[in-house]
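A.B. asks: This one is upload18.txt, compact mmCIF, C-alpha atoms and all ligand atoms.
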# COMPACT_ATOMS: atom_id res chain seq x y z
CA MET X 1 18.11 -78.95 56.98
CA ALA X 2 20.11 -80.34 59.86
CA ARG X 3 23.74 -81.19 60.54
CA ILE X 4 23.74 -84.88 61.38
CA LEU X 5 26.81 -86.44 62.94
CA LEU X 6 26.67 -90.17 62.24
CA GLY X 7 28.58 -92.63 64.40
CA VAL X 8 29.09 -96.05 62.82
CA THR X 9 30.13 -99.01 64.96
CA GLY X 10 31.24 -102.53 64.04
CA GLY X 11 28.54 -104.83 62.73
CA ILE X 12 27.23 -106.30 59.52
CA ALA X 13 24.54 -103.58 59.45
CA ALA X 14 27.25 -100.92 58.93
CA TYR X 15 26.48 -101.03 55.21
CA LYS X 16 22.97 -99.72 55.95
CA ALA X 17 24.57 -96.53 57.29
CA LEU X 18 25.40 -95.74 53.65
CA ASP X 19 21.70 -95.87 52.83
CA LEU X 20 20.92 -93.66 55.81
CA ILE X 21 23.39 -91.05 54.53
CA ARG X 22 21.95 -91.27 51.03
CA LEU X 23 18.45 -90.56 52.41
CA ALA X 24 19.69 -87.79 54.69
CA THR X 25 21.63 -85.95 52.01
CA ALA X 26 18.74 -86.37 49.53
CA ALA X 27 16.51 -84.67 52.13
CA GLY X 28 18.98 -81.75 52.25
CA HIS X 29 20.85 -82.59 55.46
CA SER X 30 24.58 -82.20 55.93
CA VAL X 31 26.31 -85.33 57.26
CA ARG X 32 29.71 -86.12 58.81
CA VAL X 33 30.80 -89.58 59.92
CA ILE X 34 32.80 -90.91 62.86
CA GLN X 35 33.62 -94.62 62.62
CA THR X 36 35.00 -97.06 65.16
CA GLU X 37 38.01 -99.04 64.00
CA ASN X 38 36.00 -102.25 64.03
CA SER X 39 33.33 -100.78 61.75
CA GLN X 40 36.00 -100.30 59.10
CA ARG X 41 36.27 -104.07 58.83
CA PHE X 42 32.74 -103.94 57.39
CA VAL X 43 32.66 -100.67 55.42
CA GLY X 44 35.73 -98.58 54.66
CA ALA X 45 36.08 -94.84 55.30
CA ALA X 46 36.38 -94.17 51.55
CA SER X 47 32.71 -95.13 51.01
CA PHE X 48 31.48 -92.80 53.76
CA ALA X 49 33.79 -89.99 52.62
CA ALA X 50 32.54 -90.33 49.04
CA ILE X 51 28.85 -90.09 49.86
CA THR X 52 29.10 -87.40 52.56
CA GLY X 53 31.65 -85.36 50.61
CA ALA X 54 33.63 -84.91 53.84
CA PRO X 55 36.49 -86.63 55.66
CA VAL X 56 35.69 -89.50 58.02
CA LEU X 57 37.23 -89.57 61.51
CA THR X 58 38.11 -92.62 63.58
CA SER X 59 40.67 -91.63 66.19
CA GLU X 60 41.18 -88.77 68.63
CA TRP X 61 44.77 -88.58 67.41
CA GLU X 62 44.15 -87.76 63.76
CA ARG X 63 43.64 -84.22 62.44
CA ASP X 64 40.28 -83.39 60.89
CA PRO X 65 41.08 -81.94 57.45
CA ALA X 66 37.69 -80.15 57.55
CA ARG X 67 38.53 -78.69 61.00
CA GLY X 68 35.20 -79.68 62.50
CA ALA X 69 33.09 -78.18 59.70
CA PHE X 70 30.12 -79.94 58.10
CA PRO X 71 29.88 -79.99 54.29
CA ASP X 72 27.56 -76.95 54.31
CA GLN X 73 29.98 -74.90 56.46
CA PRO X 74 33.16 -73.11 55.43
CA THR X 75 36.36 -74.71 56.77
CA PRO X 76 37.73 -72.50 59.58
CA GLU X 77 41.15 -70.91 59.03
CA HIS X 78 42.64 -72.40 62.18
CA ASP X 79 42.55 -75.89 63.59
CA PRO X 80 40.05 -76.03 66.44
CA ILE X 81 41.56 -76.57 69.87
CA SER X 82 39.39 -79.60 70.51
CA HIS X 83 39.02 -82.65 68.29
CA LEU X 84 35.39 -82.56 69.38
CA GLU X 85 34.56 -79.47 67.33
CA LEU X 86 32.51 -81.73 65.05
CA VAL X 87 30.08 -82.66 67.80
CA ARG X 88 29.67 -79.00 68.73
CA ASN X 89 28.60 -78.20 65.19
CA ALA X 90 26.11 -81.08 64.99
CA ASP X 91 22.34 -80.65 65.47
CA CYS X 92 22.11 -84.30 66.48
CA PHE X 93 24.40 -87.30 66.90
CA VAL X 94 23.04 -90.54 65.48
CA ILE X 95 24.82 -93.81 66.28
CA ALA X 96 23.69 -96.39 63.70
CA PRO X 97 24.35 -99.23 63.86
CA ALA X 98 25.15 -99.21 67.57
CA SER X 99 26.78 -102.46 68.71
CA ALA X 100 26.19 -104.04 72.14
CA ASN X 101 29.74 -103.06 73.08
CA THR X 102 29.29 -99.38 72.19
CA ILE X 103 25.89 -99.29 73.95
CA SER X 104 27.57 -100.67 77.06
CA LYS X 105 30.27 -98.01 76.83
CA LEU X 106 27.68 -95.26 76.33
CA ALA X 107 25.82 -96.47 79.42
CA SER X 108 28.96 -96.53 81.57
CA GLY X 109 30.29 -93.21 80.26
CA ALA X 110 33.46 -94.69 78.74
CA ALA X 111 35.40 -92.48 76.34
CA ASP X 112 37.92 -94.87 74.84
CA ASN X 113 37.63 -93.86 71.19
CA LEU X 114 36.53 -90.83 69.19
CA LEU X 115 32.95 -92.06 68.84
CA THR X 116 32.35 -92.63 72.56
CA SER X 117 34.26 -89.42 73.47
CA ALA X 118 32.04 -87.49 71.05
CA ALA X 119 28.92 -89.05 72.61
CA LEU X 120 30.08 -88.01 76.06
CA ALA X 121 30.85 -84.48 74.88
CA ALA X 122 27.64 -84.08 72.88
CA SER X 123 25.22 -81.44 74.07
CA CYS X 124 23.00 -82.08 71.04
CA PRO X 125 20.36 -84.87 71.10
CA LEU X 126 21.76 -88.41 70.91
CA ILE X 127 19.96 -91.10 68.90
CA VAL X 128 21.01 -94.72 69.17
CA ALA X 129 19.89 -97.40 66.68
CA PRO X 130 21.05 -100.79 68.00
CA ALA X 131 21.85 -103.73 65.73
CA MET X 132 23.12 -107.04 66.95
CA ASN X 133 22.44 -110.72 67.34
CA HIS X 134 19.09 -111.63 68.93
CA GLN X 135 20.64 -113.14 72.11
CA MET X 136 22.86 -110.11 72.62
CA TRP X 137 19.91 -107.75 72.22
CA GLN X 138 17.74 -109.77 74.63
CA HIS X 139 20.53 -110.10 77.21
CA ALA X 140 19.67 -108.47 80.55
CA ALA X 141 22.89 -106.43 80.44
CA THR X 142 22.04 -104.89 77.05
CA GLN X 143 18.44 -104.25 78.09
CA ALA X 144 19.60 -102.58 81.32
CA ASN X 145 22.03 -100.40 79.36
CA ILE X 146 19.27 -99.40 76.95
CA GLU X 147 16.95 -98.51 79.84
CA LEU X 148 19.68 -96.38 81.38
CA LEU X 149 20.20 -94.54 78.10
CA ARG X 150 16.46 -93.94 77.75
CA GLU X 151 16.37 -92.53 81.29
CA ARG X 152 19.08 -90.12 80.21
CA SER X 153 16.85 -88.93 77.33
CA VAL X 154 18.74 -90.77 74.63
CA THR X 155 16.36 -91.63 71.78
CA ILE X 156 16.48 -95.36 71.05
CA VAL X 157 15.32 -96.45 67.61
CA ASP X 158 14.34 -100.01 68.43
CA PRO X 159 15.71 -102.77 66.25
CA GLU X 160 13.29 -104.73 64.12
CA VAL X 161 12.27 -108.35 64.27
CA GLY X 162 13.29 -110.35 61.21
CA SER X 163 15.99 -112.53 59.75
CA LEU X 164 19.42 -111.68 61.14
CA ALA X 165 22.87 -111.82 59.60
CA SER X 166 23.63 -115.40 60.67
CA ARG X 167 22.06 -118.05 58.52
CA ASN X 168 18.67 -119.29 59.74
CA GLU X 169 18.70 -116.83 62.63
CA TRP X 170 15.48 -114.95 63.25
CA GLY X 171 14.56 -112.54 66.02
CA SER X 172 14.87 -108.97 67.21
CA GLY X 173 18.14 -107.16 66.69
CA ARG X 174 17.98 -106.14 63.05
CA LEU X 175 18.83 -102.46 62.50
CA ALA X 176 15.71 -100.30 62.03
CA GLN X 177 15.02 -99.09 58.49
CA PRO X 178 17.30 -96.18 57.53
CA ALA X 179 14.19 -94.05 56.84
CA THR X 180 12.92 -94.73 60.38
CA ILE X 181 16.26 -93.70 61.88
CA LEU X 182 16.30 -90.56 59.76
CA SER X 183 12.80 -89.57 60.77
CA ALA X 184 13.73 -90.10 64.45
CA ALA X 185 16.61 -87.66 63.91
CA GLU X 186 14.40 -85.24 62.04
CA GLN X 187 11.83 -85.27 64.83
CA ILE X 188 14.29 -83.92 67.34
CA VAL X 189 16.31 -81.40 65.38
CA PRO X 190 15.31 -77.85 66.28
CA ALA X 191 11.76 -76.89 65.27
CA GLY X 192 11.44 -74.74 62.19
CA ALA X 193 14.46 -76.35 60.58
CA ARG X 194 12.40 -78.31 58.09
CA PRO X 195 10.24 -76.99 55.26
CA TRP X 196 6.98 -78.73 56.25
CA ASP X 197 7.24 -78.24 60.02
CA GLY X 198 3.74 -77.67 61.38
CA ARG X 199 1.95 -78.95 58.27
CA ARG X 200 -0.61 -81.68 58.96
CA VAL X 201 -0.75 -84.31 56.25
CA LEU X 202 -3.35 -87.05 55.87
CA VAL X 203 -2.46 -89.95 53.58
CA THR X 204 -4.68 -92.86 52.59
CA ALA X 205 -2.82 -95.96 51.46
CA GLY X 206 -3.44 -99.55 50.39
CA GLY X 207 -6.55 -101.15 48.99
CA THR X 208 -9.92 -101.70 50.63
CA ARG X 209 -11.49 -105.14 50.99
CA GLU X 210 -15.24 -105.59 50.71
CA PRO X 211 -16.48 -108.64 52.60
CA ILE X 212 -18.58 -111.22 50.78
CA ASP X 213 -18.90 -113.43 53.83
CA ALA X 214 -17.02 -113.98 57.09
CA VAL X 215 -13.82 -115.13 55.33
CA ARG X 216 -13.91 -113.83 51.73
CA PHE X 217 -13.64 -110.40 50.22
CA VAL X 218 -13.43 -108.48 46.95
CA GLY X 219 -10.14 -106.61 46.95
CA ASN X 220 -7.54 -105.05 44.70
CA ARG X 221 -3.80 -105.29 44.12
CA SER X 222 -2.73 -102.05 45.80
CA SER X 223 0.15 -102.76 48.21
CA GLY X 224 0.19 -99.35 49.93
CA ARG X 225 3.82 -98.71 48.89
CA MET X 226 3.06 -95.42 47.15
CA GLY X 227 1.00 -94.10 50.07
CA PHE X 228 3.63 -95.16 52.61
CA ALA X 229 6.37 -93.52 50.52
CA LEU X 230 4.34 -90.29 50.45
CA ALA X 231 3.91 -90.44 54.23
CA GLU X 232 7.62 -91.05 54.74
CA ALA X 233 8.59 -88.21 52.40
CA ALA X 234 6.17 -85.79 54.11
CA ALA X 235 7.44 -86.79 57.58
CA ALA X 236 11.03 -86.27 56.40
CA ARG X 237 10.06 -82.70 55.48
CA GLY X 238 8.80 -82.16 59.02
CA ALA X 239 5.07 -82.72 58.54
CA ASP X 240 2.84 -84.25 61.17
CA VAL X 241 1.59 -87.28 59.24
CA THR X 242 -1.39 -89.60 59.74
CA VAL X 243 -1.88 -92.57 57.44
CA ILE X 244 -5.20 -94.34 57.00
CA ALA X 245 -3.90 -97.76 55.97
CA ALA X 246 -6.22 -100.17 54.20
CA ASN X 247 -4.74 -103.66 54.51
CA VAL X 248 -1.10 -102.63 54.26
CA ASP X 249 1.58 -105.09 55.32
CA LEU X 250 4.67 -102.88 55.23
CA PRO X 251 7.13 -101.62 57.88
CA ARG X 252 5.87 -98.67 59.91
CA HIS X 253 7.61 -95.56 61.14
CA ALA X 254 7.67 -94.48 64.75
CA GLN X 255 7.07 -90.84 63.80
CA ILE X 256 3.97 -91.47 61.70
CA SER X 257 0.48 -92.24 63.09
CA TYR X 258 -1.43 -95.09 61.49
CA ILE X 259 -5.14 -95.89 61.51
CA ASP X 260 -5.86 -99.35 60.15
CA VAL X 261 -9.05 -99.93 58.20
CA GLY X 262 -10.45 -102.78 56.13
CA SER X 263 -13.38 -101.78 53.95
CA ALA X 264 -14.31 -98.67 51.96
CA ALA X 265 -16.91 -97.78 54.61
CA GLN X 266 -14.29 -97.96 57.38
CA LEU X 267 -11.90 -95.86 55.30
CA GLU X 268 -14.64 -93.31 54.71
CA GLU X 269 -15.40 -93.07 58.44
CA ALA X 270 -11.74 -92.58 59.37
CA ALA X 271 -11.17 -90.09 56.54
CA ARG X 272 -14.20 -87.99 57.49
CA GLU X 273 -12.93 -87.88 61.07
CA GLN X 274 -9.35 -86.92 60.18
CA PHE X 275 -9.93 -84.64 57.21
CA PRO X 276 -11.03 -81.44 59.04
CA SER X 277 -7.69 -81.25 60.87
CA CYS X 278 -5.40 -81.76 57.87
CA ASP X 279 -3.79 -79.17 55.61
CA LEU X 280 -3.01 -81.64 52.84
CA LEU X 281 -4.82 -84.82 51.81
CA LEU X 282 -2.94 -87.35 49.68
CA MET X 283 -5.60 -89.86 48.66
CA ALA X 284 -3.45 -92.72 47.40
CA ALA X 285 -5.66 -95.60 48.56
CA ALA X 286 -7.45 -97.74 46.02
CA VAL X 287 -11.00 -97.49 47.36
CA ALA X 288 -13.53 -100.01 46.12
CA ASP X 289 -16.24 -98.47 43.97
CA PHE X 290 -18.65 -101.26 44.83
CA THR X 291 -19.30 -103.34 47.91
CA ALA X 292 -21.31 -106.52 48.46
CA SER X 293 -24.93 -105.52 49.02
CA GLU X 294 -25.62 -108.27 51.52
CA PRO X 295 -22.46 -109.91 52.89
CA ALA X 296 -23.20 -113.25 54.55
CA SER X 297 -22.54 -113.29 58.28
CA GLY X 298 -21.10 -116.84 58.25
CA LYS X 299 -19.09 -118.68 55.61
CA LEU X 300 -20.97 -119.26 52.36
CA LYS X 301 -21.23 -122.97 51.49
CA LYS X 302 -21.07 -124.45 47.99
CA ASP X 303 -24.27 -126.33 48.69
CA GLY X 304 -24.20 -127.91 45.23
CA ARG X 305 -24.72 -124.56 43.47
CA SER X 306 -23.62 -124.33 39.84
CA GLU X 307 -23.13 -120.57 40.10
CA LEU X 308 -23.13 -117.88 42.71
CA GLU X 309 -24.44 -114.42 42.04
CA LEU X 310 -22.97 -111.53 43.92
CA THR X 311 -24.83 -108.25 44.02
CA LEU X 312 -22.70 -105.15 44.51
CA SER X 313 -23.84 -101.67 45.31
CA PRO X 314 -21.85 -98.44 44.90
CA THR X 315 -19.74 -97.01 47.73
CA THR X 316 -19.33 -93.31 48.48
CA ASP X 317 -16.66 -91.54 46.44
CA VAL X 318 -14.76 -90.52 49.57
CA LEU X 319 -12.46 -88.05 47.83
CA ALA X 320 -15.31 -86.24 46.10
CA ALA X 321 -17.24 -86.13 49.39
CA LEU X 322 -14.26 -84.66 51.28
CA SER X 323 -13.69 -82.16 48.50
CA GLY X 324 -17.24 -80.93 49.12
CA LEU X 325 -16.35 -80.35 52.78
CA ARG X 326 -13.03 -78.63 52.26
CA SER X 327 -12.17 -75.42 54.01
CA ASP X 328 -9.80 -72.65 52.93
CA GLY X 329 -6.17 -73.60 52.84
CA GLN X 330 -6.73 -77.34 52.41
CA THR X 331 -5.00 -79.01 49.46
CA LEU X 332 -6.44 -82.20 47.96
CA VAL X 333 -4.47 -84.61 45.81
CA GLY X 334 -6.16 -87.60 44.17
CA PHE X 335 -4.64 -90.63 42.46
CA ALA X 336 -6.01 -92.47 39.45
CA ALA X 337 -4.92 -95.65 37.76
CA GLU X 338 -5.27 -95.06 34.03
CA HIS X 339 -3.73 -96.27 30.83
CA GLY X 340 -3.86 -95.49 27.17
CA PRO X 341 -3.29 -92.36 25.09
CA ASP X 342 -6.13 -90.34 26.61
CA ALA X 343 -5.07 -90.99 30.25
CA VAL X 344 -4.12 -87.34 30.86
CA GLU X 345 -7.35 -86.11 29.30
CA VAL X 346 -9.38 -88.46 31.54
CA GLY X 347 -7.27 -87.30 34.51
CA ARG X 348 -8.01 -83.67 33.72
CA ARG X 349 -11.75 -84.39 33.74
CA LYS X 350 -11.43 -86.18 37.12
CA LEU X 351 -9.45 -83.23 38.52
CA ALA X 352 -12.40 -80.98 37.74
CA SER X 353 -15.22 -83.39 38.63
CA LYS X 354 -13.75 -84.27 42.03
CA GLY X 355 -12.71 -80.66 42.79
CA LEU X 356 -9.00 -81.45 43.34
CA ASP X 357 -5.82 -79.39 43.34
CA ALA X 358 -3.80 -82.17 41.73
CA LEU X 359 -4.38 -85.61 40.31
CA VAL X 360 -1.55 -88.11 40.08
CA ILE X 361 -2.06 -90.46 37.16
CA ASN X 362 -0.55 -93.82 37.67
CA ASP X 363 0.25 -95.58 34.44
CA VAL X 364 -0.88 -99.16 34.99
CA SER X 365 -0.02 -100.42 31.52
CA GLY X 366 3.57 -101.49 32.40
CA ALA X 367 4.12 -104.73 34.34
CA ASP X 368 7.10 -103.38 36.28
CA ILE X 369 5.47 -100.22 37.65
CA GLY X 370 2.60 -99.43 40.00
CA PHE X 371 0.83 -101.85 42.39
CA GLU X 372 3.25 -104.21 44.18
CA SER X 373 6.31 -102.75 42.46
CA SER X 374 8.82 -100.57 44.30
CA SER X 375 8.98 -98.14 41.38
CA ASN X 376 6.43 -95.99 39.67
CA GLU X 377 5.95 -93.62 36.75
CA VAL X 378 3.30 -90.92 37.03
CA THR X 379 1.92 -87.75 35.50
CA ILE X 380 0.87 -85.01 37.89
CA VAL X 381 -2.04 -83.01 36.51
CA THR X 382 -2.92 -79.59 37.98
CA ALA X 383 -4.88 -76.63 36.69
CA GLY X 384 -1.51 -75.11 35.70
CA GLY X 385 -0.39 -78.03 33.50
CA ASP X 386 0.99 -81.57 33.47
CA ARG X 387 4.26 -82.84 34.88
CA HIS X 388 5.55 -86.24 33.84
CA VAL X 389 7.69 -88.07 36.42
CA PRO X 390 9.75 -90.76 34.67
CA LYS X 391 10.12 -94.19 36.25
CA ALA X 392 11.85 -93.97 39.64
CA ASP X 393 11.60 -95.60 43.05
CA LYS X 394 8.42 -94.70 44.92
CA LEU X 395 10.20 -92.48 47.47
CA ALA X 396 11.66 -90.37 44.65
CA VAL X 397 8.24 -90.19 42.96
CA ALA X 398 6.69 -89.24 46.33
CA ASN X 399 9.15 -86.36 46.65
CA GLU X 400 8.26 -85.13 43.15
CA ILE X 401 4.57 -85.16 44.16
CA LEU X 402 5.36 -83.15 47.30
CA ASP X 403 7.41 -80.72 45.19
CA ALA X 404 4.32 -80.28 43.00
CA VAL X 405 2.31 -79.46 46.17
CA ASP X 406 4.95 -76.84 47.04
CA GLU X 407 4.51 -75.37 43.56
CA LEU X 408 0.73 -75.20 44.06
CA ASP X 409 1.31 -73.38 47.34
CA ARG X 410 3.61 -70.88 45.68
CA ALA X 411 1.09 -70.35 42.89
CA GLN X 412 -1.67 -69.74 45.45
CA ALA X 413 0.75 -67.86 47.76
CA ARG X 414 0.00 -70.35 50.52
CA VAL X 415 2.67 -70.95 53.16
CA PRO X 416 2.90 -74.41 54.81
CA GLY X 417 1.73 -74.59 58.40
N1 LIG K 501 -11.66 -92.72 45.49
C1 LIG K 501 -12.41 -92.50 46.62
N2 LIG K 501 -13.54 -93.22 46.85
C2 LIG K 501 -13.95 -94.15 45.99
C3 LIG K 501 -13.20 -94.39 44.80
C4 LIG K 501 -12.05 -93.66 44.58
O1 LIG K 501 -12.03 -91.65 47.43
N3 LIG K 501 -15.04 -94.84 46.24
C5 LIG K 501 -10.46 -91.92 45.26
C6 LIG K 501 -9.18 -92.71 45.22
O2 LIG K 501 -8.56 -92.78 46.48
C7 LIG K 501 -8.32 -91.93 44.27
C8 LIG K 501 -9.33 -91.36 43.33
O3 LIG K 501 -10.55 -91.30 44.03
O4 LIG K 501 -7.63 -90.86 44.88
C9 LIG K 501 -9.49 -92.24 42.14
O5 LIG K 501 -10.52 -91.76 41.43
P1 LIG K 501 -11.19 -92.57 40.27
O6 LIG K 501 -10.17 -92.77 39.22
O7 LIG K 501 -12.49 -91.94 39.97
O8 LIG K 501 -11.47 -93.91 40.91
P2 LIG K 501 -11.85 -95.08 40.09
O9 LIG K 501 -13.06 -95.57 40.74
O10 LIG K 501 -10.67 -96.00 40.07
O11 LIG K 501 -12.13 -94.51 38.63
P3 LIG K 501 -12.93 -95.20 37.45
O12 LIG K 501 -14.35 -94.84 37.71
O13 LIG K 501 -12.33 -94.56 36.26
O14 LIG K 501 -12.68 -96.64 37.58
I'd like the structure from this file rewritten - as structure tokens, please.
C.D. replies:
Amino acid sequence: MARILLGVTGGIAAYKALDLIRLATAAGHSVRVIQTENSQRFVGAASFAAITGAPVLTSEWERDPARGAFPDQPTPEHDPISHLELVRNADCFVIAPASANTISKLASGAADNLLTSAALAASCPLIVAPAMNHQMWQHAATQANIELLRERSVTIVDPEVGSLASRNEWGSGRLAQPATILSAAEQIVPAGARPWDGRRVLVTAGGTREPIDAVRFVGNRSSGRMGFALAEAAAARGADVTVIAANVDLPRHAQISYIDVGSAAQLEEAAREQFPSCDLLLMAAAVADFTASEPASGKLKKDGRSELELTLSPTTDVLAALSGLRSDGQTLVGFAAEHGPDAVEVGRRKLASKGLDALVINDVSGADIGFESSSNEVTIVTAGGDRHVPKADKLAVANEILDAVDELDRAQARVPG
């Protein structure tokens, strides 16, 4: 848990700060907001006050009704002498979105509003997430200001490349994903503050592709969303996370390490290498059970054939193989796509046959859950019983799965780290 002071400046991306607060509070952090006057043209103070549960400050001249306290702190009996009490109580100060103008003021040391004064007075780590038009971001002045801030140990969460607010505009300058900004903040709050600090988590995500020839493959519909959500949720709890990503085309997080693989054999090689140094394996990837026995080195031609026979041979069951190599203290979670009334029964058998601590059964019967969808509905099977997680977005489901891992630890009296 950390006390995050969030500075919001003027820009269309100000609405994303609401999402950032939602993620931060869901992860157990306490948040207060300072806005610039211009940012209130985009999102009003009432929205920020409602989701933080605390007053929002804009000017040096207004009283803070919470007297500098964060929502998890008692309000002091007396008004603090300084209006900067808030920044003294913060574990980190995140400015998101940070406009070109505010970045320029931060670089020059200006203190012409509460937000810039707070930044100047902050002894806690400062994190700046820029968001602006592509030309403004690329401008030499902005880039020089950013370099100066980096030299002063300010953490910059680089903007993303993509479509920008103005119609038909594309380029760099789009605010980083709220989850990326939050994990940047979580990486620099004092060690030991988060429940999974020190825990090493290995996640496999996506779906493997088995080559038939130089350009074709046998694949599956797994998008990697569930695995990436698990990685994000584990990183938010403080874990040191590595993802083995099989053909995943999704945004990445600066605080997570990624190893890209294509086929089941490549995934197996990477997993065998990484597994010995992990405390928890979350095997969410859809690994092919069969691979082409003799993939062609070039591109197969039709050559007037009326049919083409493809011979497949079995791959290694990576999860079962790793389970056979496990050492004390390692937790293994498998995933299985099942459907029908006996799904849990089948899952229970897989739990035993693969030697797992938990098996997450993905119901693939509904069209709007699983695979490419952003939501999921699962049943978590452990030796202690079943836990049904109703349909929710994949990050929420990921957090339920991690809670189940915490329960396993408590049952086995294992402490993370
Ligand atoms: N798995 C694996 N290696 C494989 C196949 C699957 O590590 N070659 C892992 C998956 O990552 C997942 C779990 O095993 O965590 C899924 O197990 P299972 O349901 O046995 O995989 P399927 O092959 O889909 O099962 P079935 O035989 O029922 O089709």
A.B. asks: Which value, in Å to one decimal, gives the distance between atom CA of X:Thr36 and atom CA of X:Ile103?
C.D. replies: 12.9 Å
A.B. asks: Counting only C-alpha atoms and all ligand atoms, what are the residues, protein, DNA or RNA alike, that approach ligand LIG 501 (chain K) to within 6 Å? I want them as a PyMOL selection string.
C.D. replies: chain X and resi 283-289+315-319+334-336
A.B. asks: Report as JSON lines the residues of stretch 215-269 of chain X within 7 Å of stretch 200-203 of chain X, each with its shortest atom pair and distance in Å (one decimal), using only C-alpha atoms, ordered by chain and increasing residue number.
C.D. replies:
{"residue": "X:Gly227", "atom": "CA", "partner": "X:Val203", "partner_atom": "CA", "distance": 6.4}
{"residue": "X:Ala231", "atom": "CA", "partner": "X:Val203", "partner_atom": "CA", "distance": 6.4}
{"residue": "X:Ala239", "atom": "CA", "partner": "X:Arg200", "partner_atom": "CA", "distance": 5.8}
{"residue": "X:Asp240", "atom": "CA", "partner": "X:Arg200", "partner_atom": "CA", "distance": 4.8}
{"residue": "X:Val241", "atom": "CA", "partner": "X:Val201", "partner_atom": "CA", "distance": 4.8}
{"residue": "X:Thr242", "atom": "CA", "partner": "X:Leu202", "partner_atom": "CA", "distance": 5.0}
{"residue": "X:Val243", "atom": "CA", "partner": "X:Val203", "partner_atom": "CA", "distance": 4.7}
{"residue": "X:Ile244", "atom": "CA", "partner": "X:Val203", "partner_atom": "CA", "distance": 6.2}
A.B. asks: When you draw a straight line from atom CA of X:Pro130 to atom CA of X:Ala176, how long is it in Å?
C.D. replies: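 The value is 8.0 Å.
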A.B. asks: Take the point (-3.2, -84.1, 55.6) in the file's coordinates, draw a sphere of radius 12 Å around it, and report as number ranges by chain every protein, DNA or RNA residue with an atom inside or on it, counting all atoms listed in the file.
C.D. replies: X: 196, 198-204, 230-231, 234-235, 239-244, 256-257, 271-284, 322, 326, 329-333, 402, 405, 416-417
A.B. asks: Near stretch 20-23 of chain X, within 8 Å and counting all atoms listed in the file, which residues show up once chain neighbours fewer than 5 positions away are dropped, as a list in words?
C.D. replies: Val31, Ile51, Thr52, Pro178, Ala179, Ile181 and Leu182 of chain X
A.B. asks: In Å, with one decimal, what is the gap from atom CA of X:Val360 to atom CA of X:Val346?
C.D. replies: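 Value for the atom CA of X:Val360-atom CA of X:Val346 distance: 11.6 Å.
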A.B. asks: With all atoms listed in the file as the counted atoms, please give the residues lying no more than 12 Å from X:Ser365, apart from itself and same-chain residues fewer than 6 positions off, as a JSON list (two decimals) with C-alpha atoms, in the frame of the given file.
C.D. replies:
[["chain", "number", "residue", "atom", "x", "y", "z"],
["X", 337, "ALA", "CA", -4.92, -95.65, 37.76],
["X", 338, "GLU", "CA", -5.27, -95.06, 34.03],
["X", 339, "HIS", "CA", -3.73, -96.27, 30.83],
["X", 340, "GLY", "CA", -3.86, -95.49, 27.17],
["X", 341, "PRO", "CA", -3.29, -92.36, 25.09],
["X", 343, "ALA", "CA", -5.07, -90.99, 30.25],
["X", 371, "PHE", "CA", 0.83, -101.85, 42.39],
["X", 376, "ASN", "CA", 6.43, -95.99, 39.67],
["X", 377, "GLU", "CA", 5.95, -93.62, 36.75],
["X", 378, "VAL", "CA", 3.30, -90.92, 37.03]]
A.B. asks: Box for stretch 40-49 of chain X: with edges along x, y and z, all listed atoms inside and 8 Å added on each side, what are the centre and edge lengths in Å to one decimal, as lines of an AutoDock Vina configuration file?
C.D. replies:
center_x = 33.9
center_y = -97.0
center_z = 55.1
size_x = 20.9
size_y = 30.1
size_z = 24.1
A.B. asks: Identify which of the residues X:Trp170, X:Trp137, X:Phe70, X:Phe48 lies closest to X:Asn101, counting all atoms listed in the file when measuring atom-to-atom distances.
C.D. replies: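 Among the listed residues, the smallest separation from X:Asn101 belongs to X:Trp137.
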A.B. asks: For X:Ile95, which residue among X:Ile361, X:Ile12, X:Gly7, X:Arg63 is the nearest when counting all atoms listed in the file?
C.D. replies: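 Looking only at the distances to X:Ile95, the closest residue turns out to be X:Gly7.
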A.B. asks: Excluding same-chain residues fewer than 5 positions from X:Gly219, what lies within 10 Å of it counting all atoms listed in the file, as a ChimeraX atom specification?
C.D. replies: /X:207-211,247,262-263,286-288,291
A.B. asks: Pick from X:Pro390, X:Gly171, X:Gly44, X:Gly324: nearest to X:Gln135, with only C-alpha atoms counted?
C.D. replies: X:Gly171
A.B. asks: Residues proximal to (35.8, -80.4, 63.5) were defined as those with any atom within 8 Å of that point in the file's coordinates, counting all atoms listed in the file. Which are they, as a ChimeraX atom specification?
C.D. replies: /X:64,66-70,80,82-87,89
A.B. asks: Of the candidates X:Ser293, X:Ser39, X:Thr311, X:Thr25, which one gets nearest to X:Pro97 if we count only C-alpha atoms?
C.D. replies: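 Of X:Ser293, X:Ser39, X:Thr311, X:Thr25, the one nearest X:Pro97, counting only C-alpha atoms, is X:Ser39.
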